[in-house]
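Trainee: Submitted below is the structure of interest, expressed as structure tokens.
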Amino acid sequence: MSPENKIKYAILAIYFEQEEREIPKDLNDEQVADLYDDHSDELYDILYEFREGQVETNVPSESSRHYESNSVAAQTPSGEWVGWTYWYGGGKHGNPEEIDWIEHAYDLDCTEEEKLVTVRNFTKKDSK
């Protein structure tokens with residue numbers, strides 16, 4: 001399945017879960033695209049939230065002089081990871097949510113390792 005349709009499938013999975021319905025399994029690219037188009041009017045809020053991604057990645061992101069950007073990713077229902085550029089900012093007249101980010105999505109390999117981290121927070125003592 002293409003990265004674009006993996007994202008659409010993940011969005012559809014959220015929608016079907018909210019509707020307390022079961023999403024069809026083993027769909028191909030064409031079936032996902034058709035199902036997504038059939039429900040596109042109901043998916044706007046999920047799509048808007050999903051575009052922020054589940055996690056930021058260390059993959060270099062595209063850049064623009066008009067908007068800020070981060071590389072983000074989400075795990076699909078099949079367990080695969082897909083990444084894209086999350087556009088934001090742009091000031092009063094900016095509309096980064098109108099940038100078609102799904103068509104520029106890409107597959108990612110992800111490895112996880114658990115680490116123990118020590119975080120130190122310092123504050124200045126009051127001197128008397």
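Residue numbering restarts at 1 for every chain of the structure tokens, chains are lettered A, B, ... in their displayed order, and ligands are numbered from 1 as they appear.
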With a distance cut-off of 6 Å and only C-alpha atoms, select the neighbouring residues of Trp84 (chain A), excluding the residue or stretch itself and same-chain residues fewer than 3 positions from it, and output the selection as a list in words.

Mentor: Ser71, Val72 and Ala105 of chain A

Trainee: May I have the residues within 8 Å of Gly94 (chain A) as a PyMOL selection string, using only C-alpha atoms and disregarding those fewer than 5 positions away in the same chain?

Mentor: chain A and resi 66-67+89

Trainee: Among chain A, which ones does DSSP assign to strand (DSSP E) (computed from the backbone)? Answer as a short mmCIF file (atom, residue, chain, number, x, y, z; two decimals) with C-alpha atoms, in the first residue's frame.

Mentor:
```cif
data_model
loop_
_atom_site.label_atom_id
_atom_site.label_comp_id
_atom_site.auth_asym_id
_atom_site.auth_seq_id
_atom_site.Cartn_x
_atom_site.Cartn_y
_atom_site.Cartn_z
CA VAL A 55 5.66 11.78 17.13
CA GLU A 56 8.33 14.11 15.77
CA GLU A 68 7.55 26.51 9.93
CA SER A 69 7.85 22.75 9.51
CA ASN A 70 8.59 19.55 11.42
CA SER A 71 8.98 15.99 10.27
CA VAL A 72 6.37 13.89 12.01
CA ALA A 73 5.17 10.30 11.85
CA ALA A 74 2.32 8.04 12.83
CA GLN A 75 2.01 4.32 13.20
CA TRP A 81 5.30 3.91 10.24
CA VAL A 82 4.58 6.70 7.77
CA GLY A 83 6.11 10.18 7.88
CA TRP A 84 5.39 13.59 6.38
CA THR A 85 6.11 17.28 6.82
CA TYR A 86 3.82 19.06 9.29
CA TRP A 87 3.43 22.68 8.21
CA TYR A 88 2.38 25.35 10.73
CA TYR A 106 6.84 8.53 2.88
CA ASP A 107 7.43 5.14 4.50
CA LEU A 108 9.70 5.02 7.53
#
```

Trainee: For CA of Asp100 (chain A) and CA of Glu42 (chain A), determine how far apart the two atoms are, in Å to one decimal place.

Mentor: 18.0 Å

Trainee: Would you list the contacts of Lys6 (chain A) as a list in words, taking every protein, DNA or RNA residue within 9 Å and counting only C-alpha atoms, but skipping same-chain residues closer than 2 positions in sequence?

Mentor: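 Using only C-alpha atoms, the neighbours found are Met1, Ser2, Pro3, Glu4, Lys8, Tyr9, Ala10, Ile11, Asp29, Val32, Thr76, Pro77, Ser78, Glu80, Trp81 and Val82 of chain A.
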
Trainee: Between A:Arg65, A:Tyr15, A:Val59, A:Ile23, which residue has the minimum interatomic distance to Asp41 (chain A), considering only C-alpha atoms?

Mentor: A:Tyr15
